[in-house]
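Participant: First, the structure itself, so that you have it in front of you.
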Amino acid sequence: MNDMTLTREQREAKLEGMGCKRKRVEDIRFTQGKGNYVDDVKLPGMLHGDFVRSPHAHARVTSINTEKALKVPGVLAVITAETLKTVNLAWMPTLAGDVQMVLADGKVLFQNQEVAFVVATDRYAADDGVNAVEVEYEELPVLIDPFKALDPDAPVLREDLAGKTTGAHGPRKHHNHIFEWTVGDKDLTDAAFRKAEVTIKEMISYHRTHPSPLETCQCLCSFDKVKGELTIYGTFQAPHVIRTVVALIAKIPEHKIHVIAPDIGGGFGNKVGAYPGYICAAVASIVTGKPVKWVEDRIENLTATSFARDYHMTTEIAASKEGKVTGLRVHVLADHGAFDACADPSKWPAGFFNIVTGSYDFPVAHLAVDGIYTNKAPGGVAYRCSFRVTEAAYCIERAMDILAQKLGMDPAELRLRNFIRPEQFPYNSALGWEYDSGDYATAMRKAMETVKYAELRKEQASKREAFKRGETREIMGLGVSFFTEIVGAGPSKNCDILGIAMFDSCEIRLHPTGAGIARMGTKSQGQGHETTWAQIIATEIGIPADNIMVEEGNTDTAPYGLGTYGSRSTPVAGAAIAMAARKIKAKAQMIAAYKLEVHEDDLEWDIDGFRVKGLPEKFLGMKDICWIAYNSPPPGMEPGLEAVSYYDPPNMTYPFGAYICVMDIDVDTGVYKVRRFYALDDCGTRINPMIIEGQVHGGLTEAFAIAMGQEIHYDESGNVTTGSFMDFFIPTAVETPKWETDYTVTPSPHHPIGAKGVGESPNVGGVPCFSNAVNDAFSFLGSTHIQMPHDYWRNWKAAKQLGAVG
Amino acid sequence: MATQAKKTQVSMKVNGAEVDGLVEPRTLLVHFIRENLALTGTHIGCETTHCGACTVDLDGMSVKSCTVFAVQADGADITTIEGMANADGTLSALQEGFRQMHGLQCGFCTPGMIVRAHRLLRENPNPTEEEIRFGIAGNLCRCTGYQNIVRAIQYAAAKINGVEFKEAAE
Amino acid sequence: MIPGQFSYHRPGTLRDAVKLLADLGDEARPLAGGHSLIPMMKLRLATPEHLVDLAGIGELKGIRRDGDAIVIGAMTTQNELLASGEIASSLPILHETALLIADPQVRYRGTVGGNVANGDPGNDMPALMLTLGATYRLKGPAGDRDVAARDFYQGAYFTALEPGEILASVSIPVPPSGHGYAYEKLKRKIGDYATAAAAVVLTMKGGKVATCSIGLTNLSETPLLAEEAAQAVIGTTLDDAVLKKAAAAAIEIMSPAGDGRGPVEYRKHVGGIMVERALKRGAARAA
């Protein structure tokens with residue numbers, strides 16, 4: 001029964017609905033080591049698979065000798081491309097419309113490419129087998145520098161594409177060319193530049209890096225020959241998509257494929273794609289009739305399973321002398337590695353990079369992106385950002401600083417002069433997006449006031465003087481960034497993956513006693529969906545969050561959804577949850593009207609039940625309605641209280657934020673210290689402020705790592721030189737700065753609860769903020785742009801080139 | 001090469017229980033714990049002794065069990081995350097601290113982090129923030145940015161010491 | 001990342017360990033903390049057929065004073081160094097340096113013997129041992145011998161250890177009371193090897209440097225003793241010109257590899273800065 005002795009506040013509090021800092025449901029098991037991750041799953045008779053990988057970046061495979069490997073105790077099979085050809089799986093389709101070798105078919109195109117798959121009784125024997133496979137290679141010229149990819153005499157990488165002048169995204173103009181993608185009005189933009197009083201031009205690179213969640217990619221495939229069913233446990237951010245892809249390429253009926261994503265140890269985009277390990281484990285299970293587990297190690301993860309960024313962005317801004325921007329022109333050279341396995345919606349070969357106009361009112365803009373092949377790992381995933389949005393934000397935020405420098409204007413002031421104004425929303429950008437809402441100037445001003453921006457600038461000015469006088473060897477940088485994200489892919493009119501529209505879903509079933517289960521097409525990898533999804537339901541239908549169990553990741557039970565990445569869960573599934581809840585609420589209202597003997601219109605919602613307008617004592621709570629729905633529904637009404645919603649959003653959502661970083665750099669060593677970092681985020685309606693803050697902390701930490709040193713670096717021969725956590729920069733608690741968070745709230749007008757998504761904002765806004773801080777520190781010495789990552793030696797090199805060190 | 005290696009008997013105390021097993025000398029302690037003992041709370045994150053997800057408490061020391069052979073731990077007294085809860089099954093002060101302060105997200109680093117923090121607080125019951133950050137520097141987290149992990153450990157320290165948890169002023 | 005197969009031996013005495021290593025020959029490796037060797041084995045860059053675990057040998061443990069020297073058993077861990085009052089008072093530079101090695105977990109396992117004996121140019125203790133004038137006690141089938149740290153290192157992973165020999169202990173002459181010391185280590189993050197590091201032990205008299213010794217870590221294939229740099233500061237008040245001169249002399253002998261920590265030019269440059277900073281900090285500490 002609803003306890004009417006409670007105050008309204010107590011009833012609200014009991015729900016732990018939206019806006020509440022609800023403690024996480026997940027933590028009970030995770031803090032006790034009782035999570036259930038893929039490698040924790042064991043099946044009877046389970047085998048292990050492990051890859052033989054190429055030491056070379058580009059070579060012909062002249063022979064693969066498996067004889068010795070097959071004699072290793074415990075080794076049962078060695079699968080090669082020849083084996084896979086018998087089931088037509090030597091190559092697989094990529095999400096970007098290209099094809100990718102599952103196992104080396106005649107040649108290898110990047111270091112650590114998968115060459116053969118050894119199946120053995122345990123992981124030790126599998127590793128022994130890997131070491132016993134003998135592969136002979138004939139090395140070929142290696143192409144690493146993307147700027148040389150389109151040279152006439154550049155090595156031919158993709159011999160399988162010989163003669164194909166058209167790819168998935170239009171014409172190819174060179175043997176290493178994948179696509180050219182253009183957006184915007186070129187003529188108008190060129191005209192704006194011709195008329196411009198001031199222009200800037202800079203090649204801004206966003207280096208290659210990797211999402212590197214603490215749990216690597218892994219799967220366990222089990223094929224039941226008798227039933228003809230394939231069960232796959234895997235680290236999948238999008239389990240349903242995996243099921244459909246497997247059905248399409250393995251020709252197993254989709255209802256006989258069971259994909260289960262159990263607890264996932266972080267994703268950050270790494271676990272969206274389909275990798276050769278999944279295919280090989282599935283084939284190995286089909287071949288051996290036993291379950292086969294594949295768990296990649298960290299080196300494999302960093303060097304073979306996807307990458308992020310590697311965008312080289314030649315950026316030009318046209319402006320008036322007063323600092324009003326009049327045009328934007330960007331050309332991107334996009335290094336996609338050996339295969340185009342970019343994880344973007346199918347029609348978007350460069351993701352949503354056309355958000356590159358950022359938060360500013362550019363009257364005209366033009367963007368061209370050339371995708372190219374090199375001898376590097378394939379991937380191009382959205383590492384803690386919406387598709388190519390961090391690249392776009394970095395590009396425009398760096399360019400705005402460069403323009404400010406040229407104009408002799410404060411970078412924050414330049415931004416304030418050019419923001420899209422609140423009354424302009426919904427705003428149609430020059431590159432084709434309809435921004436739903438925003439109040440940029442308010443956020444920017446709040447940030448500047450909180451950090452006492454003007455005082456910091458004064459301090460910087462006096463430090464610069466002191467530096468020039470030789471009194472200090474430290475320089476101070478003040479980094480500003482203002483980003484607009486585009487998340488929540490997305491409307492089916494322009495977003496699909498392999499033809500699957502990018503809706504998402506929720507099914508809610510309430511039980512007779514006032515509890516329930518809710519299932520979604522999304523999949524948490526640490527975002528805390530089990531906690532926050534229940535909060536939305538609690539607010540919507542007045543059932544305490546503690547009484548709602550949230551379940552995701554099992555394709556047999558969850559409604560079809562496109563998964564969790566690109567900050568799409570709250571904008572899309574979050575909306576589906578609200579809509580499903582509202583269907584339930586509508587039925588509950590009918591039940592209440594019948595029981596309270598009034599017309600539905602005479603009822604009003606009151607926290608956790610319906611009340612007759614004007615008669616506060618006539619109230620029926622949701623808990624009671626649940627019981628009635630099953631056991632004594634109104635005549636003619638179906639029993640039960642459940643609903644499903646598939647939500648196809650009308651638009652993306654556009655979270656934004658203002659970040660400020662204060663950094664000191666010792667020019668003699670290049671050592672930097674982040675003195676202060678302030679992040680103001682506007683993600684619309686806030687579901688769980690505790691979780692939002694945690695997401696912001698995490699995203700900022702990843703942004704810090706990327707900007708200040710984290711990279712996947714190749715030497716000239718195509719060897720990855722940053723293949724372990726020794727050299728791939730993951731900061732510890734000691735290096736990580738302290739974060740200050742803040743917010744404004746501008747709800748999304750088209751989202752049922754006004755929420756916009758937040759998990760990726762701090763990465764999108766953080767990277768340019770750190771980089772702008774470094775660049776700002778050096779600017780008075782005469783530099784305009786220093787490429788990331790800003791690790792110690794590169795800072796020193798910059799200081800040296802600027803004459804600040806002898 | 002590979003002939004079937006001679007297996008060795010090992011016995012040790014894990015979470016208070018005497019256990020034994022037959023292992024190859026090369027069997028890593030983390031695999032013995034996860035595979036032979038089916039205690040899967042101890043995770044593997046990097047395999048190169050950097051991430052600390054595999055941290056267990058071994059004879060009063062925090063060690064990365066991916067870089068110890070099971071045979072080296074013969075006779076040892078080991079505590080894993082599964083042995084961290086209070087005797088009555090309730091969450092320990094650290095486990096509670098991680099939950100209250102939102103010190104975890106994906107949960108993958110959490111077992112190693114808690115096991116490490118347990119030893120840190122045994123050795124230094126009143127650590128400063130700097131000491132906590134330095135003390136957990138052998139454990140990587142990709143989700144939290146550590147700030148709330150630090151608060152979680154401060155919360156636990158206060159609870160263990162029987163004093164009220166006060167957040168340091170910014 | 002799974003090691004190859006090997007046989008495991010755990011002798012109880014040093015004599016047995018020496019005999020085992022001698023009998024098993026080239027395919028046997030001693031195992032101390034294992035935090036250098038085991039990762040190499042997991043990558044199969046090291047594939048010993050036998051591991052001789054030294055953990056069961058009590059005589060390899062402990063820190064004791066022997067006249068004017070401190071003798072540290074090879075199997076003493078970094079963490080035990082940090083816990084030792086004797087080290088903190090007599091050899092505080094060891095305490096300071098041990099805190100900069102790897103991370104807490106590694107320090108519980110990592111040993112002094114392993115750190116000085118395996119010849120990894122990235123290890124921090126060897127340069128310290130050169131600076132402090134330490135001697136290593138090596139035990140082998142042919143008996144015991146003492147080798148000065150400065151004669152021990154011959155190349156990356158290549159030392160004066162003969163096959164079958166075990167480094168049993170390190171003997172460090174205690175610097176005079178009132179000495180100044182500093183270990184300046186530049187690294188990218190916790191757990192990393194030094195981009196460049198310098199150890200300084202000095203004494204001051206009447207405001208001038210009386211004695212000085214400078215060691216360098218990870219700036220060559222072996223740890224270095226920067227003798228000319230040290231000479232350059234003796235008798236001076238360590239003014240800026242002298243510091244620059246000492247750094248330049250140290251840079252002269254550096255030959256680091258370019259890697260992710262920076263190109264050669266950078267590593268030498270910051271190597272010089274580490275020398276300057278260690279000298280300044282060391283002098284400030286001297287009585």
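The way I read the labels, and the way they are meant: chains A, B, ... in the order of the structure tokens, residue 1 as the first residue of every chain, and ligand 1 as the first ligand shown, with later ones counted on from there.
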Specify as a PyMOL selection string all residues of chain B found within 8 Å of chain C, counting only C-alpha atoms.
Facilitator: chain B and resi 2+5-6+24-26+47-50+52+55+61-64+67-68+71-72+135-138
Participant: At a cut-off of 10 Å, using only C-alpha atoms, what residues contact Lys159 (chain B)? Leave out same-chain residues fewer than 3 positions from it and give the result as a PyMOL selection string.
Facilitator: chain B and resi 92-94+96-97+153-156+162-165
Participant: Could you write out that same residue set with C-alpha atoms as a PDB file, in the first residue's frame?
Facilitator:
ATOM      1  CA  SER B  92      33.995  -4.003   4.446  1.00  0.00           C
ATOM      2  CA  ALA B  93      34.713  -0.351   5.094  1.00  0.00           C
ATOM      3  CA  LEU B  94      36.644  -0.174   1.825  1.00  0.00           C
ATOM      4  CA  GLU B  96      31.379   0.378   1.323  1.00  0.00           C
ATOM      5  CA  GLY B  97      33.601   3.392   0.672  1.00  0.00           C
ATOM      6  CA  ILE B 153      39.805   5.205   0.583  1.00  0.00           C
ATOM      7  CA  GLN B 154      39.511   8.299   2.780  1.00  0.00           C
ATOM      8  CA  TYR B 155      35.964   7.247   3.656  1.00  0.00           C
ATOM      9  CA  ALA B 156      37.180   3.769   4.584  1.00  0.00           C
ATOM     10  CA  GLY B 162      35.948   5.351  13.980  1.00  0.00           C
ATOM     11  CA  VAL B 163      35.903   9.012  13.046  1.00  0.00           C
ATOM     12  CA  GLU B 164      33.473  10.970  10.946  1.00  0.00           C
ATOM     13  CA  PHE B 165      34.354  11.173   7.250  1.00  0.00           C
TER      14      PHE B 165
END
Participant: With only C-alpha atoms considered, list every residue of chain A at most 8 Å from chain C, as an mmCIF file with C-alpha atoms, in the first residue's frame.
Facilitator:
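Listing of iface11.cif after writing:
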data_model
loop_
_atom_site.group_PDB
_atom_site.id
_atom_site.type_symbol
_atom_site.label_atom_id
_atom_site.label_comp_id
_atom_site.auth_asym_id
_atom_site.auth_seq_id
_atom_site.Cartn_x
_atom_site.Cartn_y
_atom_site.Cartn_z
ATOM 1 C CA ARG A 123 45.638 -21.016 -23.071
ATOM 2 C CA TYR A 124 49.109 -22.310 -22.247
ATOM 3 C CA ASP A 127 50.426 -20.110 -26.792
ATOM 4 C CA ASP A 128 52.893 -22.982 -27.253
ATOM 5 C CA ASP A 297 46.323 -9.786 -24.487
ATOM 6 C CA ASP A 668 64.073 23.168 -19.527
ATOM 7 C CA THR A 669 62.533 19.724 -19.181
ATOM 8 C CA THR A 721 56.552 1.443 -30.562
ATOM 9 C CA THR A 722 53.850 2.016 -27.950
ATOM 10 C CA MET A 726 54.894 1.018 -20.285
ATOM 11 C CA ASP A 727 54.886 3.184 -23.391
ATOM 12 C CA PRO A 731 48.092 8.024 -16.212
ATOM 13 C CA THR A 732 48.146 6.709 -12.655
ATOM 14 C CA VAL A 734 49.801 10.400 -9.281
ATOM 15 C CA GLU A 735 49.871 12.008 -12.733
ATOM 16 C CA TYR A 792 57.643 16.294 -21.981
ATOM 17 C CA TRP A 793 60.134 15.938 -24.773
ATOM 18 C CA ARG A 794 57.888 17.540 -27.347
ATOM 19 C CA TRP A 796 60.999 20.862 -24.657
ATOM 20 C CA LYS A 797 61.437 20.601 -28.406
#
Participant: If we count only C-alpha atoms, what is near Arg277 (chain C) at a cut-off of 10 Å, once residues fewer than 2 positions away on the same chain are taken out, given as a list of chain:residue names?
Facilitator: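 In the requested form, the answer reads C:Ala182, C:Tyr183, C:Glu184, C:Lys185, C:Ala198, C:Ala199, C:Val200, C:Leu243, C:Ala247, C:Gly271, C:Gly272, C:Ile273, C:Met274, C:Val275, C:Leu279, C:Lys280, C:Arg281, C:Gly282, C:Ala283.
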Participant: Restricting it to N, CA and C atoms, dump the selection as a compact mmCIF listing (two decimals), in the first residue's frame.
Facilitator:
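Saved the output as part19.txt:
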# COMPACT_ATOMS: atom_id res chain seq x y z
N ALA C 182 71.20 13.36 -3.29
CA ALA C 182 69.94 13.51 -4.02
C ALA C 182 69.92 12.55 -5.19
N TYR C 183 68.73 12.02 -5.46
CA TYR C 183 68.53 11.26 -6.68
C TYR C 183 67.44 11.98 -7.46
N GLU C 184 67.80 12.55 -8.58
CA GLU C 184 66.84 13.27 -9.43
C GLU C 184 66.48 12.38 -10.61
N LYS C 185 65.21 12.04 -10.69
CA LYS C 185 64.78 11.12 -11.74
C LYS C 185 63.64 11.75 -12.53
N ALA C 198 69.98 11.25 -12.18
CA ALA C 198 71.32 11.47 -11.65
C ALA C 198 71.33 11.31 -10.14
N ALA C 199 72.37 10.63 -9.66
CA ALA C 199 72.56 10.46 -8.22
C ALA C 199 73.77 11.29 -7.81
N VAL C 200 73.62 11.98 -6.69
CA VAL C 200 74.74 12.77 -6.18
C VAL C 200 74.94 12.48 -4.70
N LEU C 243 77.72 24.65 -12.08
CA LEU C 243 76.66 23.65 -12.35
C LEU C 243 76.59 23.36 -13.84
N ALA C 247 77.27 19.82 -15.63
CA ALA C 247 76.27 19.19 -16.51
C ALA C 247 76.90 18.88 -17.87
N GLY C 271 69.38 14.95 -18.93
CA GLY C 271 70.39 14.29 -18.08
C GLY C 271 71.25 15.34 -17.41
N GLY C 272 71.66 16.34 -18.16
CA GLY C 272 72.45 17.44 -17.60
C GLY C 272 71.67 18.20 -16.54
N ILE C 273 70.40 18.39 -16.81
CA ILE C 273 69.57 19.12 -15.84
C ILE C 273 69.39 18.31 -14.55
N MET C 274 69.25 17.01 -14.70
CA MET C 274 69.15 16.17 -13.50
C MET C 274 70.43 16.28 -12.67
N VAL C 275 71.58 16.35 -13.34
CA VAL C 275 72.85 16.51 -12.63
C VAL C 275 72.84 17.83 -11.87
N LEU C 279 72.82 18.09 -7.79
CA LEU C 279 73.92 18.78 -7.10
C LEU C 279 73.37 19.85 -6.16
N LYS C 280 72.44 20.63 -6.67
CA LYS C 280 71.88 21.72 -5.87
C LYS C 280 71.14 21.17 -4.65
N ARG C 281 70.31 20.18 -4.89
CA ARG C 281 69.52 19.63 -3.79
C ARG C 281 70.43 18.91 -2.79
N GLY C 282 71.45 18.21 -3.33
CA GLY C 282 72.39 17.50 -2.46
C GLY C 282 73.15 18.48 -1.58
N ALA C 283 73.62 19.56 -2.19
CA ALA C 283 74.40 20.54 -1.44
C ALA C 283 73.55 21.18 -0.35
Participant: Quick one: contact table of chain B to chain A, 6 Å max, nearest atom pair and distance in Å to one decimal per residue, counting only C-alpha atoms, chain and number order, as JSON lines?
Facilitator:
{"residue": "B:Thr40", "atom": "CA", "partner": "A:Asp40", "partner_atom": "CA", "distance": 5.8}
{"residue": "B:Gly41", "atom": "CA", "partner": "A:Gly33", "partner_atom": "CA", "distance": 3.8}
{"residue": "B:Gly45", "atom": "CA", "partner": "A:Leu214", "partner_atom": "CA", "distance": 5.3}
{"residue": "B:Cys46", "atom": "CA", "partner": "A:Arg298", "partner_atom": "CA", "distance": 5.1}
{"residue": "B:Ile81", "atom": "CA", "partner": "A:Gly33", "partner_atom": "CA", "distance": 5.6}
{"residue": "B:Glu82", "atom": "CA", "partner": "A:Gly33", "partner_atom": "CA", "distance": 5.8}
{"residue": "B:Gln95", "atom": "CA", "partner": "A:Thr31", "partner_atom": "CA", "distance": 5.5}
{"residue": "B:Arg99", "atom": "CA", "partner": "A:Asp27", "partner_atom": "CA", "distance": 5.8}
{"residue": "B:Gln105", "atom": "CA", "partner": "A:Gly526", "partner_atom": "CA", "distance": 4.5}
{"residue": "B:Cys106", "atom": "CA", "partner": "A:Gly526", "partner_atom": "CA", "distance": 3.5}
{"residue": "B:Gly107", "atom": "CA", "partner": "A:Phe30", "partner_atom": "CA", "distance": 5.3}
{"residue": "B:Phe108", "atom": "CA", "partner": "A:Gly265", "partner_atom": "CA", "distance": 5.0}
{"residue": "B:Pro111", "atom": "CA", "partner": "A:Gly33", "partner_atom": "CA", "distance": 5.8}
{"residue": "B:Arg133", "atom": "CA", "partner": "A:Ala733", "partner_atom": "CA", "distance": 5.0}
{"residue": "B:Phe134", "atom": "CA", "partner": "A:Val734", "partner_atom": "CA", "distance": 5.9}
{"residue": "B:Ala137", "atom": "CA", "partner": "A:Thr732", "partner_atom": "CA", "distance": 5.3}
{"residue": "B:Leu140", "atom": "CA", "partner": "A:Thr732", "partner_atom": "CA", "distance": 5.8}
{"residue": "B:Cys143", "atom": "CA", "partner": "A:Gly698", "partner_atom": "CA", "distance": 4.7}
{"residue": "B:Thr144", "atom": "CA", "partner": "A:Gly698", "partner_atom": "CA", "distance": 4.4}
{"residue": "B:Gly145", "atom": "CA", "partner": "A:Gly698", "partner_atom": "CA", "distance": 4.6}
{"residue": "B:Tyr146", "atom": "CA", "partner": "A:Ala733", "partner_atom": "CA", "distance": 5.7}
Participant: Mind listing the alpha helix (DSSP H) residues of region 75-155 of chain B, per DSSP on the backbone, as a ChimeraX atom specification?
Facilitator: /B:93-100,110-123,129-135,147-155
Participant: Using only C-alpha atoms, which residues sit within 8 Å of Leu238 (chain C) once same-chain residues fewer than 2 positions away are excluded, as a VMD selection string?
Facilitator: chain C and resid 208 to 209 233 236 240 to 243 279 to 280
Participant: Considering only C-alpha atoms, return as a ChimeraX atom specification whatever protein or nucleic-acid residues lie within 12 Å of His599 (chain A), sequence-local ones (same chain, fewer than 4 positions apart) excluded.
Facilitator: /A:589-595,603-604,610-613
Participant: Go ahead and save the picked residues with N, CA and C atoms, as a PDB file, in the first residue's frame.
Facilitator:
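New file out22.pdb:
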ATOM      1  N   GLN A 589      -3.496   4.619 -15.655  1.00  0.00           N
ATOM      2  CA  GLN A 589      -4.484   5.687 -15.462  1.00  0.00           C
ATOM      3  C   GLN A 589      -5.902   5.179 -15.736  1.00  0.00           C
ATOM      4  N   MET A 590      -6.004   4.317 -16.750  1.00  0.00           N
ATOM      5  CA  MET A 590      -7.322   3.735 -17.041  1.00  0.00           C
ATOM      6  C   MET A 590      -7.791   2.888 -15.862  1.00  0.00           C
ATOM      7  N   ILE A 591      -6.830   2.126 -15.305  1.00  0.00           N
ATOM      8  CA  ILE A 591      -7.189   1.274 -14.171  1.00  0.00           C
ATOM      9  C   ILE A 591      -7.604   2.140 -12.976  1.00  0.00           C
ATOM     10  N   ALA A 592      -6.840   3.180 -12.744  1.00  0.00           N
ATOM     11  CA  ALA A 592      -7.138   4.053 -11.607  1.00  0.00           C
ATOM     12  C   ALA A 592      -8.508   4.718 -11.777  1.00  0.00           C
ATOM     13  N   ALA A 593      -8.793   5.168 -12.995  1.00  0.00           N
ATOM     14  CA  ALA A 593     -10.073   5.828 -13.252  1.00  0.00           C
ATOM     15  C   ALA A 593     -11.231   4.874 -12.942  1.00  0.00           C
ATOM     16  N   TYR A 594     -11.046   3.623 -13.365  1.00  0.00           N
ATOM     17  CA  TYR A 594     -12.095   2.631 -13.129  1.00  0.00           C
ATOM     18  C   TYR A 594     -12.281   2.395 -11.640  1.00  0.00           C
ATOM     19  N   LYS A 595     -11.137   2.229 -10.938  1.00  0.00           N
ATOM     20  CA  LYS A 595     -11.229   1.903  -9.516  1.00  0.00           C
ATOM     21  C   LYS A 595     -11.724   3.095  -8.696  1.00  0.00           C
ATOM     22  N   LEU A 603      -8.227  12.664 -13.351  1.00  0.00           N
ATOM     23  CA  LEU A 603      -7.104  12.200 -12.523  1.00  0.00           C
ATOM     24  C   LEU A 603      -5.874  13.061 -12.780  1.00  0.00           C
ATOM     25  N   GLU A 604      -5.089  13.198 -11.727  1.00  0.00           N
ATOM     26  CA  GLU A 604      -3.780  13.816 -11.948  1.00  0.00           C
ATOM     27  C   GLU A 604      -2.703  12.939 -11.305  1.00  0.00           C
ATOM     28  N   PHE A 610      -2.124   7.972  -8.858  1.00  0.00           N
ATOM     29  CA  PHE A 610      -3.100   8.929  -9.412  1.00  0.00           C
ATOM     30  C   PHE A 610      -4.045   9.412  -8.312  1.00  0.00           C
ATOM     31  N   ARG A 611      -4.395  10.675  -8.437  1.00  0.00           N
ATOM     32  CA  ARG A 611      -5.273  11.287  -7.459  1.00  0.00           C
ATOM     33  C   ARG A 611      -6.395  11.971  -8.231  1.00  0.00           C
ATOM     34  N   VAL A 612      -7.567  11.967  -7.629  1.00  0.00           N
ATOM     35  CA  VAL A 612      -8.690  12.658  -8.256  1.00  0.00           C
ATOM     36  C   VAL A 612      -8.493  14.151  -8.026  1.00  0.00           C
ATOM     37  N   LYS A 613      -8.565  14.879  -9.126  1.00  0.00           N
ATOM     38  CA  LYS A 613      -8.355  16.323  -9.029  1.00  0.00           C
ATOM     39  C   LYS A 613      -9.334  16.908  -8.018  1.00  0.00           C
TER      40      LYS A 613
END
